[in-house]
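I have placed the structure first, in the form of structure tokens, so that the comments after it can refer back to it.
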Amino acid sequence: MKSIPLPPTSHQPAPYTGPSAEQVLALRKQYLNPGLFLYYKKPIMIVEGKMQYVWDETGKRYLDGLGGIVTISVGHCHPHVVAAANRQNALLQHSTTIYLQPNIAEYAEKLAAKLPGDLKCIYFVNSGSEANDLALMMARLYTGNYDMISLRNAYHGGNASGMGATANSGWKFNLPHSFGVHHALAPYPYRGTFGYDDPDAGRKYADDVKQVIEYTTPGKVAGFIAESIQGVGGFVVFPDGYLQHTYAHVRAAGGVCIADEVQTGFGRTGTHFWGFETQGVIPDIVTMAKGIGNGAPLAAVVTTPKIAAVMAQKVHFNTFGGNPVVSAIGKAVLEVIEKENTQANCLKLGNYILAGLEKLKAKYKVIGDVRGKGLMLGIEFVKDRTTKEPAKEACAQAVENARELGLLLGKGGLWGQTIRFAPPMNITQADSDFLLAVLDESIGAL
Ligand SMILES: Cc1ncc(COP(=O)(O)O)c(C=O)c1O
């Protein structure tokens, strides 16, 4: 493969003096969860990050095309976020909600202003799984119903209720965990029954939700949960109208609608601040994590005061949720998003890159589909464009090749057949050209 120069940066990484990658790997193997998995045949160790770039222990620089799994929203160690964290770290790190603390209140006001309609009541938690667990509980308490509809190819977390709502065998343990959750068809135009060529696909996939409610539940449901674009499932974008029709069916059956914005929120889709807005709906409950904290353990559930009222029947407490440090970070992240107009950057560069991906699709038969919105872009690999047999190995090798050339990418989809590109939202035009050139070289070398 021919090397492609990374766009220049003024950042000089500090000399690395810690343990070697081999030592770290040995410690991980000895002391950490044996189920952890690593990307790359030769694991990469990341020791420093600055905005859209990361460095390994040898000083090699990479464009972070996955952003720590769609989590670095405004850039690694963004100075405004670091300053806010440092200021608060020196002042007070923890207090809990049993005392008044200004950060959580001010941050909640700022975050609520980003949400439409009555979505003004916020619960801070620490992870996306926790947020979805709480959202499911709220839906059940509020409606008095138990059954939930989720989607095949969804990922909603690794705890019991997150795993229950998830529908991808790779992430589901052999334990009872899906109580009351029914999985409707994934509205997946490339692989599903209703394709890109069907202008009515959104309504038809939504009809499946109606049928699942009518056939598999008591006819009344607690709610429906969906990512606004399926993330782990390989950046699957739903056909237009899907959520509008689905929400109508769910509400007619007494349920509430939950949007999992863990990957799609905070302007990443480019056209809108929230992924659900791209489908013209307003959910009853929104869950968010990852990009909300740019790497800090921060997550939230936002709902209406009416739904929240049922949660006041008992104490609901979360020790770290809305902690002073993460609240300072969350507020700083919103300030950067506003000041640097990162959403507009997602739109502009997302469209540019998608056009480049279309050209790569025309060039390489192994690419079956390219898709996405904003800086959330997927490339699905197939062995054969007619049978659409997933090409997991080709996808994995392209990701390996890109790493050699200085680009980190993600994988997704049931079979690991889809490259995922979701970098920090501050990448530049030069980074986009680098990405496209590296993909061309990496796929060409297969
Ligand atoms: C859409 C979605 N929801 C929920 C989660 C769970 O978040 P966490 O890993 O923070 O628990 C994830 C994590 O990848 C996710 O992508």
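Naming works like this for the structure tokens: A, B, ... for the chains as they're shown, residue 1 at the start of each chain, ligands 1 onward in shown order.
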Expected answer as an NGL selection string: strand (DSSP E or B) residues in segment 57-286 of chain A:
:A and (61-64 or 76 or 121-125 or 148-151 or 181-184 or 223-227 or 229-230 or 236-237 or 256-260 or 285-286)
For ligand 1, list the contacting residues at 6 Å or closer, counting only C-alpha atoms and all ligand atoms, as number ranges by chain.
A: 127-129, 155-157, 227, 231-232, 260, 262-263, 289
Select from segment 193-310 of chain A every residue with an atom at most 10 Å from any atom of segment 136-151 of chain A, then for each give the shortest pair of atoms and their distance in Å to one decimal, using only C-alpha atoms, rows by chain and rising number, as a tab-separated table.
residue	atom	partner	partner_atom	distance
A:Val209	CA	A:Ile149	CA	7.5
A:Lys210	CA	A:Ile149	CA	9.9
A:Val212	CA	A:Ile149	CA	8.0
A:Ile213	CA	A:Ile149	CA	7.8
A:Thr216	CA	A:Asp147	CA	9.2
A:Thr217	CA	A:Asp147	CA	6.5
A:Pro218	CA	A:Asp147	CA	8.1
A:Gly219	CA	A:Asp147	CA	9.1
A:Lys220	CA	A:Asn145	CA	6.5
A:Val221	CA	A:Asp147	CA	4.8
A:Ala222	CA	A:Asn145	CA	4.6
A:Gly223	CA	A:Met148	CA	5.0
A:Phe224	CA	A:Ile149	CA	4.6
A:Ile225	CA	A:Ser150	CA	5.2
A:Ala226	CA	A:Ser150	CA	6.2
A:Glu227	CA	A:Leu151	CA	8.8
A:Gln230	CA	A:Leu151	CA	9.4
A:Val250	CA	A:Ile149	CA	8.5
A:Ala253	CA	A:Asn145	CA	9.9
A:Gly254	CA	A:Thr143	CA	6.8
A:Gly255	CA	A:Thr143	CA	6.5
A:Val256	CA	A:Ala139	CA	6.2
A:Cys257	CA	A:Ala139	CA	8.3
A:Ile258	CA	A:Leu136	CA	8.3
A:Asp284	CA	A:Ala139	CA	9.0
A:Ile285	CA	A:Ala139	CA	8.3
A:Val301	CA	A:Met138	CA	9.9
A:Thr303	CA	A:Met138	CA	9.2
A:Lys306	CA	A:Tyr142	CA	8.7
A:Ile307	CA	A:Tyr142	CA	5.9
A:Ala308	CA	A:Met138	CA	7.5
A:Ala309	CA	A:Tyr142	CA	8.5
A:Val310	CA	A:Tyr142	CA	6.0
Could you save the residues just selected, with N, CA and C atoms, as a tab-separated table (two decimals), in the first residue's frame?
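Okay, part.tsv is ready:
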chain	number	residue	atom	x	y	z
A	209	VAL	N	-44.49	-3.33	13.36
A	209	VAL	CA	-44.61	-2.99	14.79
A	209	VAL	C	-46.07	-3.18	15.22
A	210	LYS	N	-46.98	-2.72	14.37
A	210	LYS	CA	-48.41	-2.85	14.69
A	210	LYS	C	-48.77	-4.33	14.83
A	212	VAL	N	-46.72	-6.83	15.53
A	212	VAL	CA	-46.10	-7.40	16.74
A	212	VAL	C	-46.96	-7.06	17.95
A	213	ILE	N	-47.46	-5.83	18.01
A	213	ILE	CA	-48.31	-5.43	19.14
A	213	ILE	C	-49.58	-6.31	19.14
A	216	THR	N	-48.41	-10.37	19.49
A	216	THR	CA	-47.53	-10.94	20.53
A	216	THR	C	-47.66	-10.27	21.90
A	217	THR	N	-48.50	-9.26	22.01
A	217	THR	CA	-48.65	-8.60	23.32
A	217	THR	C	-50.14	-8.64	23.70
A	218	PRO	N	-50.48	-8.20	24.90
A	218	PRO	CA	-51.92	-8.16	25.26
A	218	PRO	C	-52.68	-7.07	24.48
A	219	GLY	N	-52.00	-6.41	23.56
A	219	GLY	CA	-52.65	-5.35	22.79
A	219	GLY	C	-52.37	-3.98	23.36
A	220	LYS	N	-51.86	-3.97	24.59
A	220	LYS	CA	-51.46	-2.71	25.24
A	220	LYS	C	-49.96	-2.84	25.51
A	221	VAL	N	-49.22	-1.79	25.25
A	221	VAL	CA	-47.78	-1.87	25.49
A	221	VAL	C	-47.30	-0.71	26.35
A	222	ALA	N	-46.14	-0.96	26.98
A	222	ALA	CA	-45.51	0.12	27.76
A	222	ALA	C	-44.82	1.09	26.82
A	223	GLY	N	-44.27	0.57	25.74
A	223	GLY	CA	-43.60	1.49	24.83
A	223	GLY	C	-42.78	0.84	23.76
A	224	PHE	N	-42.05	1.71	23.09
A	224	PHE	CA	-41.21	1.33	21.95
A	224	PHE	C	-39.88	2.03	22.14
A	225	ILE	N	-38.80	1.30	21.92
A	225	ILE	CA	-37.47	1.92	22.01
A	225	ILE	C	-36.71	1.67	20.71
A	226	ALA	N	-36.06	2.71	20.21
A	226	ALA	CA	-35.22	2.54	19.02
A	226	ALA	C	-34.12	3.58	19.01
A	227	GLU	N	-32.98	3.16	18.49
A	227	GLU	CA	-31.93	4.12	18.16
A	227	GLU	C	-32.44	4.90	16.95
A	230	GLN	N	-29.38	2.98	13.70
A	230	GLN	CA	-28.81	1.86	14.47
A	230	GLN	C	-27.29	1.93	14.42
A	250	VAL	N	-47.70	2.76	18.32
A	250	VAL	CA	-47.34	2.51	19.72
A	250	VAL	C	-48.24	3.33	20.65
A	253	ALA	N	-51.63	2.02	21.11
A	253	ALA	CA	-51.67	0.85	22.01
A	253	ALA	C	-51.29	1.24	23.44
A	254	GLY	N	-51.33	2.53	23.73
A	254	GLY	CA	-51.11	2.98	25.12
A	254	GLY	C	-49.66	3.15	25.51
A	255	GLY	N	-48.75	3.01	24.55
A	255	GLY	CA	-47.32	3.05	24.90
A	255	GLY	C	-46.69	4.41	24.73
A	256	VAL	N	-45.49	4.54	25.29
A	256	VAL	CA	-44.69	5.75	25.09
A	256	VAL	C	-43.52	5.41	24.17
A	257	CYS	N	-42.95	6.45	23.57
A	257	CYS	CA	-41.89	6.23	22.58
A	257	CYS	C	-40.56	6.73	23.12
A	258	ILE	N	-39.57	5.85	23.09
A	258	ILE	CA	-38.24	6.18	23.63
A	258	ILE	C	-37.26	6.27	22.46
A	284	ASP	N	-41.33	10.56	23.79
A	284	ASP	CA	-41.77	10.86	25.15
A	284	ASP	C	-40.61	10.77	26.13
A	285	ILE	N	-39.61	9.98	25.75
A	285	ILE	CA	-38.42	9.80	26.59
A	285	ILE	C	-37.21	9.74	25.65
A	301	VAL	N	-31.39	10.68	30.97
A	301	VAL	CA	-32.72	10.37	30.45
A	301	VAL	C	-33.51	11.67	30.55
A	303	THR	N	-37.32	13.37	29.95
A	303	THR	CA	-38.72	13.06	29.71
A	303	THR	C	-39.60	14.25	30.05
A	306	LYS	N	-44.91	15.09	33.13
A	306	LYS	CA	-46.03	14.18	33.39
A	306	LYS	C	-45.53	12.74	33.60
A	307	ILE	N	-44.63	12.31	32.74
A	307	ILE	CA	-44.08	10.95	32.90
A	307	ILE	C	-43.20	10.91	34.15
A	308	ALA	N	-42.43	11.97	34.35
A	308	ALA	CA	-41.52	11.99	35.50
A	308	ALA	C	-42.28	11.91	36.82
A	309	ALA	N	-43.51	12.40	36.82
A	309	ALA	CA	-44.27	12.42	38.07
A	309	ALA	C	-44.39	11.02	38.69
A	310	VAL	N	-44.49	9.98	37.85
A	310	VAL	CA	-44.64	8.63	38.43
A	310	VAL	C	-43.37	8.20	39.17
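Residues within 12 Å of Lys172 of chain A, counting only C-alpha atoms and excluding same-chain residues fewer than 5 positions away, are A:Asn153, A:Ala154, A:Tyr155, A:His156, A:Gly157, A:Gly158, A:Asn159, A:Ala160, A:Ser161, A:Gly162, A:Met163, A:Gly164, A:Ala165, A:Thr166, A:Ala167, A:His177, A:Ser178, A:Leu414.
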Produce a file of the selected residues containing N, CA and C atoms, as a PDB file, in the first residue's frame.
ATOM      1  N   ASN A 153     -31.572  -6.032  15.290  1.00  0.00           N
ATOM      2  CA  ASN A 153     -30.341  -5.314  14.908  1.00  0.00           C
ATOM      3  C   ASN A 153     -30.077  -4.108  15.828  1.00  0.00           C
ATOM      4  N   ALA A 154     -30.830  -4.036  16.941  1.00  0.00           N
ATOM      5  CA  ALA A 154     -30.629  -2.909  17.873  1.00  0.00           C
ATOM      6  C   ALA A 154     -29.544  -3.230  18.886  1.00  0.00           C
ATOM      7  N   TYR A 155     -28.922  -2.196  19.415  1.00  0.00           N
ATOM      8  CA  TYR A 155     -28.061  -2.330  20.587  1.00  0.00           C
ATOM      9  C   TYR A 155     -28.455  -1.253  21.592  1.00  0.00           C
ATOM     10  N   HIS A 156     -28.802  -1.693  22.815  1.00  0.00           N
ATOM     11  CA  HIS A 156     -29.218  -0.718  23.825  1.00  0.00           C
ATOM     12  C   HIS A 156     -28.449  -0.858  25.140  1.00  0.00           C
ATOM     13  N   GLY A 157     -27.427  -1.727  25.182  1.00  0.00           N
ATOM     14  CA  GLY A 157     -26.628  -1.793  26.398  1.00  0.00           C
ATOM     15  C   GLY A 157     -26.337  -3.203  26.848  1.00  0.00           C
ATOM     16  N   GLY A 158     -25.477  -3.292  27.851  1.00  0.00           N
ATOM     17  CA  GLY A 158     -24.995  -4.593  28.306  1.00  0.00           C
ATOM     18  C   GLY A 158     -25.532  -5.024  29.650  1.00  0.00           C
ATOM     19  N   ASN A 159     -26.374  -4.212  30.299  1.00  0.00           N
ATOM     20  CA  ASN A 159     -26.977  -4.659  31.557  1.00  0.00           C
ATOM     21  C   ASN A 159     -28.233  -5.476  31.221  1.00  0.00           C
ATOM     22  N   ALA A 160     -28.941  -5.962  32.238  1.00  0.00           N
ATOM     23  CA  ALA A 160     -30.029  -6.903  31.948  1.00  0.00           C
ATOM     24  C   ALA A 160     -31.079  -6.288  31.027  1.00  0.00           C
ATOM     25  N   SER A 161     -31.508  -5.059  31.327  1.00  0.00           N
ATOM     26  CA  SER A 161     -32.571  -4.537  30.460  1.00  0.00           C
ATOM     27  C   SER A 161     -32.029  -4.043  29.128  1.00  0.00           C
ATOM     28  N   GLY A 162     -30.807  -3.536  29.113  1.00  0.00           N
ATOM     29  CA  GLY A 162     -30.203  -3.137  27.840  1.00  0.00           C
ATOM     30  C   GLY A 162     -30.046  -4.344  26.923  1.00  0.00           C
ATOM     31  N   MET A 163     -29.571  -5.441  27.489  1.00  0.00           N
ATOM     32  CA  MET A 163     -29.380  -6.674  26.717  1.00  0.00           C
ATOM     33  C   MET A 163     -30.735  -7.210  26.240  1.00  0.00           C
ATOM     34  N   GLY A 164     -31.741  -7.041  27.080  1.00  0.00           N
ATOM     35  CA  GLY A 164     -33.078  -7.492  26.690  1.00  0.00           C
ATOM     36  C   GLY A 164     -33.613  -6.729  25.492  1.00  0.00           C
ATOM     37  N   ALA A 165     -33.323  -5.441  25.441  1.00  0.00           N
ATOM     38  CA  ALA A 165     -33.808  -4.633  24.318  1.00  0.00           C
ATOM     39  C   ALA A 165     -32.925  -4.808  23.088  1.00  0.00           C
ATOM     40  N   THR A 166     -31.698  -5.267  23.306  1.00  0.00           N
ATOM     41  CA  THR A 166     -30.760  -5.497  22.199  1.00  0.00           C
ATOM     42  C   THR A 166     -31.213  -6.705  21.384  1.00  0.00           C
ATOM     43  N   ALA A 167     -30.954  -6.657  20.066  1.00  0.00           N
ATOM     44  CA  ALA A 167     -31.292  -7.825  19.235  1.00  0.00           C
ATOM     45  C   ALA A 167     -30.148  -8.098  18.277  1.00  0.00           C
ATOM     46  N   HIS A 177     -33.435 -12.613  29.920  1.00  0.00           N
ATOM     47  CA  HIS A 177     -33.198 -11.170  30.002  1.00  0.00           C
ATOM     48  C   HIS A 177     -34.158 -10.341  29.165  1.00  0.00           C
ATOM     49  N   SER A 178     -35.012 -10.946  28.382  1.00  0.00           N
ATOM     50  CA  SER A 178     -35.824 -10.133  27.463  1.00  0.00           C
ATOM     51  C   SER A 178     -37.264 -10.003  27.927  1.00  0.00           C
ATOM     52  N   LEU A 414     -24.397  -7.337  12.258  1.00  0.00           N
ATOM     53  CA  LEU A 414     -24.523  -8.662  12.887  1.00  0.00           C
ATOM     54  C   LEU A 414     -23.292  -9.526  12.648  1.00  0.00           C
TER      55      LEU A 414
END
Can you list, as a PDB file with C-alpha atoms, in the first residue's frame, every protein, DNA or RNA residue that comes within 9 Å of Gly267 of chain A when you count only C-alpha atoms, leaving out same-chain residues fewer than 5 positions away?
ATOM      1  CA  HIS A 272     -30.517  18.136  13.276  1.00  0.00           C
ATOM      2  CA  PHE A 273     -29.340  18.202  16.861  1.00  0.00           C
ATOM      3  CA  TRP A 274     -31.165  14.937  17.662  1.00  0.00           C
ATOM      4  CA  GLY A 275     -31.452  11.907  15.417  1.00  0.00           C
ATOM      5  CA  ILE A 337     -20.899  22.494  20.117  1.00  0.00           C
ATOM      6  CA  THR A 342     -19.885  21.341  14.992  1.00  0.00           C
ATOM      7  CA  GLN A 343     -23.310  20.321  13.694  1.00  0.00           C
ATOM      8  CA  ALA A 344     -22.760  22.335  10.510  1.00  0.00           C
ATOM      9  CA  CYS A 346     -21.010  17.260  10.413  1.00  0.00           C
ATOM     10  CA  LEU A 347     -23.444  18.188   7.656  1.00  0.00           C
ATOM     11  CA  GLY A 374     -23.606  13.551   8.948  1.00  0.00           C
ATOM     12  CA  MET A 425     -17.221  16.253  15.017  1.00  0.00           C
TER      13      MET A 425
END
Point-to-point distance in Å for atom CA of Thr246 of chain A and atom CA of Pro305 of chain A:
23.3 Å
Name the residues in contact with Gln88 of chain A at a cut-off of 8 Å, using only C-alpha atoms, excluding same-chain residues fewer than 3 positions from it; report them as a list in words.
Ala84, Ala85, Leu91, Leu92, Gln93, Pro324, Val325 and Ala328 of chain A
Selection above as a file: C-alpha atoms, as a CSV table (one decimal), in the first residue's frame:
chain,number,residue,atom,x,y,z
A,84,ALA,CA,-13.9,23.1,32.9
A,85,ALA,CA,-13.0,19.7,34.3
A,91,LEU,CA,-12.9,22.8,43.8
A,92,LEU,CA,-15.2,19.9,44.6
A,93,GLN,CA,-15.3,16.5,43.0
A,324,PRO,CA,-20.1,18.3,39.8
A,325,VAL,CA,-17.2,17.3,37.6
A,328,ALA,CA,-19.1,20.9,34.3
Env of segment 10-15 of chain A: 12 Å cut, atoms = only C-alpha atoms, seq-sep filter 4 positions within chain, self excluded. Answer as a list of chain:residue names.
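So, after excluding close chain neighbours, the residues are A:Ile46, A:Val47, A:Glu48, A:Gly49, A:Lys50, A:Met51, A:Gln52, A:Tyr53, A:Val54, A:Trp55, A:Asp56, A:Glu57, A:Thr58, A:Gly59, A:Lys60, A:Arg61, A:His76, A:Cys77.
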